[in-house]
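Undergrad: Following this message is one structure expressed as structure tokens.
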Amino acid sequence: MNIFLVPYTWHRHLALGWVCAAAALVAWWVVLFVATVSPFWNIDWDGPVFLGCVGGAISGASVLAEQTLFRKAVWRRLLLPVLAAALSFGVILGGFWMWTRVIGPLLFSADGQLDLADSSLVALRYRLPAWMGAGVGVAFGPTVLRRGRGILTHMSGGAASGLIAGCTWYLFGYTKSALGYSDLYVASAFGAMAMGLSFGWLAWGIPDSLYAGWLRIVTDNRHARRIPIDGLDGRGRERFVGHFPVGLDLFLPAEDGVLELHVSVMVNAKQQYRARGLTLAPTTVRRFLERVDLRYDPKRPAPLETELSSGDRILCGPADNPSVLEFLMLPKEER
């Protein structure tokens with residue numbers, strides 16, 4: 001993944017899901033191809049091999065995306081995804097064996113002799129726990145390599161992805177309702193894709209720390225001139241806008257109604273951005289269905305401020321001819 005190709009919009013929360021879904025579909029195709037041409041396992045292993053390969057591919061894709069986004073060393077991009085895939089593959093195989101040989105027979109058979117590895121047992125009550133266990137196995141590899149950070153999110157997201165995938169697989173493969181497609185090949189493909197999509201959306205997303213705030217001039221005077229609010233060091237700082245000749249971060253001419261020290265935009269250590277009005281002249285933050293007046297009130301002990309989101313515009317000067325600044329979130333590597 002390339003951070004420059006993922007804009008700071010709500011779509012960024014979906015990007016990793018599509019990557020994991022693509023990896024799952026590739027694994028699905030490889031398993032079917034090998035099973036069709038020359039399988040090296042017997043039919044009883046179809047289920048665990050399929051779930052293990054799909055789960056391992058999703059796990060590896062999630063870790064690979066993380067390593068690529070953070071520009072880690074090449075050896076880490078090669079080794080860590082393989083390690084995550086191997087860990088998830090092993091856990092999924094172990095979980096499948098535990099369900100089919102130990103837990104499942106105890107729950108569904110009085111004598112504990114029910115063979116849940118039998119491929120003819122396709123009822124949802126028999127297969128859904130195996131899918132959920134596979135989802136937890138998918139989460140295991142990334143959780144270990146991320147040193148337990150977000151373990152609850154990973155595990156709950158993994159279990160949810162397995163639940164969604166199992167229901168999707170059953171709906172498209174074994175139901176005769178109007179929603180069911182009743183095609184086993186399509187069912188396994190959609191099940192794999194559903195697991196990748198839901199795990200990528202629920203477990204780990206692209207962090208905001210990869211982005212930084214910028215101020216861009218929108219009006220004709222100095223159009224498209226922009227400055228970064230924060231840099232690569234992640235420290236809090238403040239940028240000042242006005243027409244004072246020395247010491248300001250962004251200069252705008254007085255002819256456009258901008259005062260010597262008009263407005264500032266600051267960021268704290270938690271990467272929260274705020275705009276502060278520093279003058280009695282008109283200063284307005286405009287966003288969807290909202291207007292915030294930031295003109296300085298001498299009766300208040302401190303300037304008014306408001307939190308900024310990507311796409312907000314700051315209007316400086318008279319309403320009939322303001323200077324317009326736009327706040328944007330761009331990749332930190334942007335220059």
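If you're wondering about the labels, chains in the structure tokens are A, B, ... by order shown, residues count from 1 in each chain, ligands from 1 in order shown.
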If DSSP is run on the backbone, what residues of region 15-118 of chain A are alpha helix (DSSP H)? A reply as a ChimeraX atom specification would be ideal.

TA: /A:15-37,46-69,74-98,104-108

Undergrad: Quick one: which region 173-247 of chain A residues come within 12 Å of region 298-310 of chain A, and what is the nearest atom pair for each with the distance in Å to one decimal, counting only C-alpha atoms, rows ordered by chain and ascending number, as a tab-separated table?

TA:
residue	atom	partner	partner_atom	distance
A:Asp208	CA	A:Ser310	CA	11.7
A:Tyr211	CA	A:Ser310	CA	10.7
A:Ala212	CA	A:Ser310	CA	10.1
A:Gly213	CA	A:Ser310	CA	7.9
A:Trp214	CA	A:Ser310	CA	9.1
A:Leu215	CA	A:Ser310	CA	10.1
A:Arg216	CA	A:Ser310	CA	11.4
A:Ile229	CA	A:Leu308	CA	11.9

Undergrad: Could you tell me which of A:Gly317, A:Gly158, A:Gly166, A:Gly200 comes closest to Val63 (chain A) if we count only C-alpha atoms?

TA: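 Among the listed residues, A:Gly200 lies closest to Val63 (chain A).
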
Undergrad: Got a sec: who's within 9 Å of Gly95 (chain A), counting only C-alpha atoms, leaving out chain neighbours fewer than 3 positions off, as a PDB file with N, CA, C and O atoms, in the first residue's frame?

TA:
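The resulting file, selection-v4.pdb, is reproduced below:
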ATOM      1  N   GLY A  90      -1.212 -21.984  11.494  1.00  0.00           N
ATOM      2  CA  GLY A  90      -1.108 -23.014  12.526  1.00  0.00           C
ATOM      3  C   GLY A  90      -2.236 -22.943  13.543  1.00  0.00           C
ATOM      4  O   GLY A  90      -2.795 -23.983  13.941  1.00  0.00           O
ATOM      5  N   VAL A  91      -2.594 -21.732  13.966  1.00  0.00           N
ATOM      6  CA  VAL A  91      -3.678 -21.581  14.948  1.00  0.00           C
ATOM      7  C   VAL A  91      -5.005 -22.022  14.348  1.00  0.00           C
ATOM      8  O   VAL A  91      -5.831 -22.659  15.023  1.00  0.00           O
ATOM      9  N   ILE A  92      -5.236 -21.708  13.082  1.00  0.00           N
ATOM     10  CA  ILE A  92      -6.497 -22.101  12.437  1.00  0.00           C
ATOM     11  C   ILE A  92      -6.594 -23.619  12.329  1.00  0.00           C
ATOM     12  O   ILE A  92      -7.651 -24.211  12.603  1.00  0.00           O
ATOM     13  N   MET A  98      -9.484 -28.832  17.159  1.00  0.00           N
ATOM     14  CA  MET A  98     -10.086 -28.786  18.486  1.00  0.00           C
ATOM     15  C   MET A  98     -11.608 -28.793  18.399  1.00  0.00           C
ATOM     16  O   MET A  98     -12.295 -29.467  19.177  1.00  0.00           O
ATOM     17  N   TRP A  99     -12.149 -28.063  17.406  1.00  0.00           N
ATOM     18  CA  TRP A  99     -13.606 -28.013  17.275  1.00  0.00           C
ATOM     19  C   TRP A  99     -14.166 -29.334  16.767  1.00  0.00           C
ATOM     20  O   TRP A  99     -15.151 -29.850  17.306  1.00  0.00           O
ATOM     21  N   THR A 100     -13.562 -29.888  15.713  1.00  0.00           N
ATOM     22  CA  THR A 100     -14.126 -31.086  15.092  1.00  0.00           C
ATOM     23  C   THR A 100     -13.878 -32.355  15.906  1.00  0.00           C
ATOM     24  O   THR A 100     -14.652 -33.307  15.818  1.00  0.00           O
ATOM     25  N   ALA A 130     -16.404 -23.176  13.376  1.00  0.00           N
ATOM     26  CA  ALA A 130     -15.116 -23.345  12.707  1.00  0.00           C
ATOM     27  C   ALA A 130     -14.709 -22.059  11.982  1.00  0.00           C
ATOM     28  O   ALA A 130     -13.536 -21.663  12.005  1.00  0.00           O
ATOM     29  N   GLY A 133     -13.640 -19.613  14.674  1.00  0.00           N
ATOM     30  CA  GLY A 133     -12.294 -19.958  15.129  1.00  0.00           C
ATOM     31  C   GLY A 133     -11.238 -19.545  14.118  1.00  0.00           C
ATOM     32  O   GLY A 133     -10.148 -19.093  14.495  1.00  0.00           O
ATOM     33  N   ALA A 134     -11.559 -19.673  12.831  1.00  0.00           N
ATOM     34  CA  ALA A 134     -10.622 -19.223  11.801  1.00  0.00           C
ATOM     35  C   ALA A 134     -10.423 -17.719  11.864  1.00  0.00           C
ATOM     36  O   ALA A 134      -9.310 -17.211  11.668  1.00  0.00           O
ATOM     37  N   GLY A 137      -8.099 -17.026  14.559  1.00  0.00           N
ATOM     38  CA  GLY A 137      -6.762 -17.394  14.107  1.00  0.00           C
ATOM     39  C   GLY A 137      -6.157 -16.345  13.194  1.00  0.00           C
ATOM     40  O   GLY A 137      -4.955 -16.083  13.251  1.00  0.00           O
TER      41      GLY A 137
END

Undergrad: Which is closer to Leu294 (chain A) than all the others in A:Val263, A:Ala224, A:Ser88, A:Asn321, using only C-alpha atoms?

TA: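 Of the candidates, the smallest distance to Leu294 (chain A) is held by A:Val263.
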
Undergrad: Just want the 9 Å neighbourhood of Leu202 (chain A), counted on only C-alpha atoms, with same-chain residues fewer than 4 positions away dropped. Output as a list in words.

TA: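 Everything that qualifies: Gly17, Thr153, His154, Ser156, Gly157, Gly158, Ala160, Ser161, Leu197 and Ser198 of chain A.
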
Undergrad: Save out the residues we just selected, all heavy atoms, as an mmCIF file, in the first residue's frame.

TA:
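Saved the output as again31.cif:
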data_model
loop_
_atom_site.group_PDB
_atom_site.id
_atom_site.type_symbol
_atom_site.label_atom_id
_atom_site.label_comp_id
_atom_site.auth_asym_id
_atom_site.auth_seq_id
_atom_site.Cartn_x
_atom_site.Cartn_y
_atom_site.Cartn_z
ATOM 1 N N GLY A 17 -9.461 -3.143 4.102
ATOM 2 C CA GLY A 17 -10.400 -4.234 3.884
ATOM 3 C C GLY A 17 -10.327 -4.783 2.466
ATOM 4 O O GLY A 17 -10.355 -6.004 2.258
ATOM 5 N N THR A 153 -9.461 -5.452 20.178
ATOM 6 C CA THR A 153 -10.008 -5.087 18.877
ATOM 7 C C THR A 153 -9.695 -6.156 17.845
ATOM 8 O O THR A 153 -10.556 -6.524 17.031
ATOM 9 C CB THR A 153 -9.425 -3.738 18.427
ATOM 10 O OG1 THR A 153 -9.701 -2.743 19.408
ATOM 11 C CG2 THR A 153 -10.027 -3.308 17.097
ATOM 12 N N HIS A 154 -8.478 -6.668 17.869
ATOM 13 C CA HIS A 154 -8.095 -7.698 16.909
ATOM 14 C C HIS A 154 -8.916 -8.968 17.105
ATOM 15 O O HIS A 154 -9.450 -9.529 16.130
ATOM 16 C CB HIS A 154 -6.606 -8.014 17.052
ATOM 17 C CG HIS A 154 -5.710 -7.050 16.346
ATOM 18 N ND1 HIS A 154 -5.498 -5.776 16.811
ATOM 19 C CD2 HIS A 154 -4.974 -7.156 15.202
ATOM 20 C CE1 HIS A 154 -4.671 -5.145 15.996
ATOM 21 N NE2 HIS A 154 -4.331 -5.954 15.018
ATOM 22 N N SER A 156 -11.812 -9.492 18.797
ATOM 23 C CA SER A 156 -13.248 -9.320 18.544
ATOM 24 C C SER A 156 -13.510 -9.107 17.055
ATOM 25 O O SER A 156 -14.476 -9.646 16.500
ATOM 26 C CB SER A 156 -13.783 -8.141 19.352
ATOM 27 O OG SER A 156 -13.102 -6.938 19.040
ATOM 28 N N GLY A 157 -12.631 -8.327 16.392
ATOM 29 C CA GLY A 157 -12.785 -8.156 14.954
ATOM 30 C C GLY A 157 -12.578 -9.451 14.195
ATOM 31 O O GLY A 157 -13.280 -9.729 13.216
ATOM 32 N N GLY A 158 -11.621 -10.266 14.642
ATOM 33 C CA GLY A 158 -11.410 -11.554 13.996
ATOM 34 C C GLY A 158 -12.597 -12.488 14.163
ATOM 35 O O GLY A 158 -13.031 -13.141 13.205
ATOM 36 N N ALA A 160 -15.689 -11.625 14.717
ATOM 37 C CA ALA A 160 -16.792 -11.075 13.926
ATOM 38 C C ALA A 160 -16.598 -11.358 12.443
ATOM 39 O O ALA A 160 -17.559 -11.678 11.731
ATOM 40 C CB ALA A 160 -16.903 -9.570 14.167
ATOM 41 N N SER A 161 -15.360 -11.257 11.967
ATOM 42 C CA SER A 161 -15.110 -11.544 10.554
ATOM 43 C C SER A 161 -15.383 -13.018 10.233
ATOM 44 O O SER A 161 -15.918 -13.343 9.168
ATOM 45 C CB SER A 161 -13.671 -11.184 10.194
ATOM 46 O OG SER A 161 -12.745 -12.028 10.856
ATOM 47 N N LEU A 197 -12.624 -8.666 3.964
ATOM 48 C CA LEU A 197 -13.213 -7.332 4.067
ATOM 49 C C LEU A 197 -13.483 -6.965 5.520
ATOM 50 O O LEU A 197 -13.089 -5.896 5.991
ATOM 51 C CB LEU A 197 -14.516 -7.277 3.265
ATOM 52 C CG LEU A 197 -14.412 -7.009 1.773
ATOM 53 C CD1 LEU A 197 -15.785 -7.139 1.131
ATOM 54 C CD2 LEU A 197 -13.836 -5.626 1.500
ATOM 55 N N SER A 198 -14.185 -7.833 6.224
ATOM 56 C CA SER A 198 -14.597 -7.507 7.585
ATOM 57 C C SER A 198 -13.393 -7.425 8.530
ATOM 58 O O SER A 198 -13.347 -6.557 9.407
ATOM 59 C CB SER A 198 -15.615 -8.530 8.097
ATOM 60 O OG SER A 198 -15.140 -9.855 7.935
#

Undergrad: Mind giving me the straight-line distance from CA of Glu326 (chain A) to CA of Asp297 (chain A) in Å, one decimal?

TA: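 Answer for the CA of Glu326 (chain A) to CA of Asp297 (chain A) separation: 23.6 Å.
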
Undergrad: Counting only C-alpha atoms, which of A:Ile103, A:Thr175, A:Leu278, A:Ser59 gets nearest to Gly141 (chain A)?

TA: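 Comparing A:Ile103, A:Thr175, A:Leu278, A:Ser59 against Gly141 (chain A), the winner is A:Ser59.
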
Undergrad: When you count only C-alpha atoms, which of these residues is closest to Ser188 (chain A): A:Phe172, A:Trp18, A:Trp131, A:Phe70?

TA: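 Nearest candidate to Ser188 (chain A) out of A:Phe172, A:Trp18, A:Trp131, A:Phe70: A:Phe172.
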
Undergrad: What are the DSSP strand (DSSP E or B) residues of region 198-261 of chain A, as a list in words?

TA: Tyr211, Ala212, Gly213, Trp214, Leu215, Arg216, Ile217, Arg226, Ile227, Pro228, Arg237, Glu238, Arg239, Phe240, Val241, Gly242, Leu250 and Phe251 of chain A

Undergrad: I'd like the neighbourhood of Ala15 (chain A) as a ChimeraX atom specification, where a residue qualifies if any of its atoms comes within 10 Å (using only C-alpha atoms), though same-chain residues fewer than 5 positions away should be ignored.

TA: /A:1,5-6,10,20,65,197,200-201,205-206

Undergrad: Generate a file of the selected residues that holds all heavy atoms, formatted as a PDB file, in the first residue's frame.

TA:
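Ended up saving to out-v6.pdb:
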ATOM      1  N   MET A   1       0.837  -1.192   0.000  1.00  0.00           N
ATOM      2  CA  MET A   1       0.000   0.000   0.000  1.00  0.00           C
ATOM      3  C   MET A   1       0.879   1.252   0.000  1.00  0.00           C
ATOM      4  O   MET A   1       1.935   1.279   0.619  1.00  0.00           O
ATOM      5  CB  MET A   1      -0.919   0.015   1.218  1.00  0.00           C
ATOM      6  CG  MET A   1      -1.984  -1.057   1.221  1.00  0.00           C
ATOM      7  SD  MET A   1      -3.105  -0.907   2.617  1.00  0.00           S
ATOM      8  CE  MET A   1      -3.966   0.610   2.199  1.00  0.00           C
ATOM      9  N   LEU A   5      -1.637   7.181  -2.098  1.00  0.00           N
ATOM     10  CA  LEU A   5      -2.825   6.777  -2.854  1.00  0.00           C
ATOM     11  C   LEU A   5      -4.043   6.602  -1.969  1.00  0.00           C
ATOM     12  O   LEU A   5      -5.096   6.173  -2.445  1.00  0.00           O
ATOM     13  CB  LEU A   5      -2.537   5.465  -3.599  1.00  0.00           C
ATOM     14  CG  LEU A   5      -1.356   5.500  -4.579  1.00  0.00           C
ATOM     15  CD1 LEU A   5      -1.180   4.145  -5.238  1.00  0.00           C
ATOM     16  CD2 LEU A   5      -1.553   6.589  -5.624  1.00  0.00           C
ATOM     17  N   VAL A   6      -3.917   6.935  -0.686  1.00  0.00           N
ATOM     18  CA  VAL A   6      -5.044   6.807   0.253  1.00  0.00           C
ATOM     19  C   VAL A   6      -5.355   8.199   0.800  1.00  0.00           C
ATOM     20  O   VAL A   6      -4.726   8.646   1.755  1.00  0.00           O
ATOM     21  CB  VAL A   6      -4.702   5.843   1.405  1.00  0.00           C
ATOM     22  CG1 VAL A   6      -5.931   5.618   2.283  1.00  0.00           C
ATOM     23  CG2 VAL A   6      -4.193   4.514   0.872  1.00  0.00           C
ATOM     24  N   TRP A  10     -13.216   9.408   4.441  1.00  0.00           N
ATOM     25  CA  TRP A  10     -13.746   8.223   5.112  1.00  0.00           C
ATOM     26  C   TRP A  10     -13.411   6.954   4.331  1.00  0.00           C
ATOM     27  O   TRP A  10     -13.448   5.851   4.885  1.00  0.00           O
ATOM     28  CB  TRP A  10     -15.252   8.343   5.314  1.00  0.00           C
ATOM     29  CG  TRP A  10     -16.051   8.382   4.049  1.00  0.00           C
ATOM     30  CD1 TRP A  10     -16.401   9.481   3.329  1.00  0.00           C
ATOM     31  CD2 TRP A  10     -16.602   7.253   3.348  1.00  0.00           C
ATOM     32  NE1 TRP A  10     -17.130   9.122   2.228  1.00  0.00           N
ATOM     33  CE2 TRP A  10     -17.272   7.762   2.217  1.00  0.00           C
ATOM     34  CE3 TRP A  10     -16.597   5.878   3.566  1.00  0.00           C
ATOM     35  CZ2 TRP A  10     -17.933   6.943   1.302  1.00  0.00           C
ATOM     36  CZ3 TRP A  10     -17.251   5.047   2.661  1.00  0.00           C
ATOM     37  CH2 TRP A  10     -17.910   5.595   1.556  1.00  0.00           C
ATOM     38  N   CYS A  20      -7.116  -6.883   2.090  1.00  0.00           N
ATOM     39  CA  CYS A  20      -7.245  -8.210   2.707  1.00  0.00           C
ATOM     40  C   CYS A  20      -8.205  -9.087   1.917  1.00  0.00           C
ATOM     41  O   CYS A  20      -7.995 -10.307   1.803  1.00  0.00           O
ATOM     42  CB  CYS A  20      -7.724  -8.057   4.152  1.00  0.00           C
ATOM     43  SG  CYS A  20      -6.526  -7.293   5.258  1.00  0.00           S
ATOM     44  N   ALA A  65       0.600  -4.648   4.708  1.00  0.00           N
ATOM     45  CA  ALA A  65       0.099  -3.282   4.521  1.00  0.00           C
ATOM     46  C   ALA A  65       0.658  -2.346   5.584  1.00  0.00           C
ATOM     47  O   ALA A  65       1.062  -1.213   5.289  1.00  0.00           O
ATOM     48  CB  ALA A  65      -1.426  -3.290   4.559  1.00  0.00           C
ATOM     49  N   LEU A 197     -12.624  -8.666   3.964  1.00  0.00           N
ATOM     50  CA  LEU A 197     -13.213  -7.332   4.067  1.00  0.00           C
ATOM     51  C   LEU A 197     -13.483  -6.965   5.520  1.00  0.00           C
ATOM     52  O   LEU A 197     -13.089  -5.896   5.991  1.00  0.00           O
ATOM     53  CB  LEU A 197     -14.516  -7.277   3.265  1.00  0.00           C
ATOM     54  CG  LEU A 197     -14.412  -7.009   1.773  1.00  0.00           C
ATOM     55  CD1 LEU A 197     -15.785  -7.139   1.131  1.00  0.00           C
ATOM     56  CD2 LEU A 197     -13.836  -5.626   1.500  1.00  0.00           C
ATOM     57  N   GLY A 200     -10.275  -6.570   7.685  1.00  0.00           N
ATOM     58  CA  GLY A 200      -9.568  -5.339   7.363  1.00  0.00           C
ATOM     59  C   GLY A 200     -10.292  -4.101   7.842  1.00  0.00           C
ATOM     60  O   GLY A 200      -9.655  -3.099   8.201  1.00  0.00           O
ATOM     61  N   TRP A 201     -11.603  -4.146   7.874  1.00  0.00           N
ATOM     62  CA  TRP A 201     -12.380  -2.988   8.330  1.00  0.00           C
ATOM     63  C   TRP A 201     -12.453  -2.900   9.850  1.00  0.00           C
ATOM     64  O   TRP A 201     -12.520  -1.807  10.400  1.00  0.00           O
ATOM     65  CB  TRP A 201     -13.790  -3.046   7.758  1.00  0.00           C
ATOM     66  CG  TRP A 201     -13.845  -2.839   6.276  1.00  0.00           C
ATOM     67  CD1 TRP A 201     -12.842  -2.373   5.478  1.00  0.00           C
ATOM     68  CD2 TRP A 201     -14.958  -3.083   5.415  1.00  0.00           C
ATOM     69  NE1 TRP A 201     -13.256  -2.320   4.175  1.00  0.00           N
ATOM     70  CE2 TRP A 201     -14.546  -2.750   4.092  1.00  0.00           C
ATOM     71  CE3 TRP A 201     -16.241  -3.562   5.617  1.00  0.00           C
ATOM     72  CZ2 TRP A 201     -15.397  -2.867   2.993  1.00  0.00           C
ATOM     73  CZ3 TRP A 201     -17.097  -3.683   4.524  1.00  0.00           C
ATOM     74  CH2 TRP A 201     -16.674  -3.340   3.235  1.00  0.00           C
ATOM     75  N   GLY A 205      -6.864  -0.354  11.215  1.00  0.00           N
ATOM     76  CA  GLY A 205      -7.033   0.582  10.117  1.00  0.00           C
ATOM     77  C   GLY A 205      -5.824   1.479   9.951  1.00  0.00           C
ATOM     78  O   GLY A 205      -4.880   1.451  10.748  1.00  0.00           O
ATOM     79  N   ILE A 206      -5.840   2.274   8.905  1.00  0.00           N
ATOM     80  CA  ILE A 206      -4.739   3.204   8.647  1.00  0.00           C
ATOM     81  C   ILE A 206      -4.757   4.279   9.722  1.00  0.00           C
ATOM     82  O   ILE A 206      -5.738   4.998   9.884  1.00  0.00           O
ATOM     83  CB  ILE A 206      -4.892   3.829   7.256  1.00  0.00           C
ATOM     84  CG1 ILE A 206      -4.853   2.736   6.187  1.00  0.00           C
ATOM     85  CG2 ILE A 206      -3.795   4.863   7.010  1.00  0.00           C
ATOM     86  CD1 ILE A 206      -5.077   3.239   4.783  1.00  0.00           C
TER      87      ILE A 206
END

Undergrad: Residues at most 6 Å from Gly60 (chain A), counting only C-alpha atoms, excluding those fewer than 3 positions away in the same chain, as a PyMOL selection string?

TA: chain A and resi 57+63-64+81+84-85

Undergrad: Atoms to include: N, CA and C atoms. Write the selected residues as a PDB file, in the first residue's frame.

TA:
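The file below, part.pdb, is the result:
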ATOM      1  N   ALA A  57      -3.437 -15.813   4.449  1.00  0.00           N
ATOM      2  CA  ALA A  57      -3.275 -14.755   3.457  1.00  0.00           C
ATOM      3  C   ALA A  57      -3.802 -13.422   3.985  1.00  0.00           C
ATOM      4  N   VAL A  63      -0.435  -7.402   7.850  1.00  0.00           N
ATOM      5  CA  VAL A  63       0.895  -7.029   8.337  1.00  0.00           C
ATOM      6  C   VAL A  63       1.725  -6.391   7.224  1.00  0.00           C
ATOM      7  N   LEU A  64       1.614  -6.918   6.008  1.00  0.00           N
ATOM      8  CA  LEU A  64       2.349  -6.336   4.885  1.00  0.00           C
ATOM      9  C   LEU A  64       1.900  -4.898   4.634  1.00  0.00           C
ATOM     10  N   PRO A  81       5.233 -10.531   7.207  1.00  0.00           N
ATOM     11  CA  PRO A  81       3.972 -11.085   6.678  1.00  0.00           C
ATOM     12  C   PRO A  81       3.977 -12.604   6.595  1.00  0.00           C
ATOM     13  N   ALA A  84       3.503 -13.874  10.141  1.00  0.00           N
ATOM     14  CA  ALA A  84       2.109 -13.714  10.566  1.00  0.00           C
ATOM     15  C   ALA A  84       1.214 -14.746   9.909  1.00  0.00           C
ATOM     16  N   ALA A  85       1.429 -14.988   8.613  1.00  0.00           N
ATOM     17  CA  ALA A  85       0.620 -15.989   7.906  1.00  0.00           C
ATOM     18  C   ALA A  85       0.842 -17.382   8.482  1.00  0.00           C
TER      19      ALA A  85
END

Undergrad: With only C-alpha atoms as the basis for distance, which of A:Glu238, A:Glu255, A:Glu333, A:Asp293 is at the shortest distance from Ile3 (chain A)?

TA: A:Glu333

Undergrad: Measuring atom to atom with only C-alpha atoms, identify which of A:Ser38, A:Lys332, A:Tyr296, A:Asp256 is nearest to Ala319 (chain A).

TA: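 Closest to Ala319 (chain A), using only C-alpha atoms: A:Asp256.
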
Undergrad: Find the spatial neighbours of Val34 (chain A), counting only C-alpha atoms, within a cut-off of 12 Å - ignore same-chain residues fewer than 5 positions away - and output them as a PyMOL selection string.

TA: chain A and resi 27-29+39-41+46+49-50+53

Undergrad: Hey, can you spit out that residue selection with C-alpha atoms as a PDB file, in the first residue's frame?

TA:
ATOM      1  CA  ALA A  27      -5.601 -17.740  -1.591  1.00  0.00           C
ATOM      2  CA  TRP A  28      -9.041 -19.153  -2.484  1.00  0.00           C
ATOM      3  CA  TRP A  29      -8.014 -19.481  -6.124  1.00  0.00           C
ATOM      4  CA  PRO A  39      -4.003 -32.103  -4.090  1.00  0.00           C
ATOM      5  CA  PHE A  40      -1.454 -33.371  -1.567  1.00  0.00           C
ATOM      6  CA  TRP A  41      -4.072 -33.783   1.187  1.00  0.00           C
ATOM      7  CA  ASP A  46     -10.230 -29.682   2.577  1.00  0.00           C
ATOM      8  CA  VAL A  49      -6.504 -26.253   4.482  1.00  0.00           C
ATOM      9  CA  PHE A  50      -8.958 -23.857   2.860  1.00  0.00           C
ATOM     10  CA  CYS A  53      -4.683 -20.657   3.623  1.00  0.00           C
TER      11      CYS A  53
END
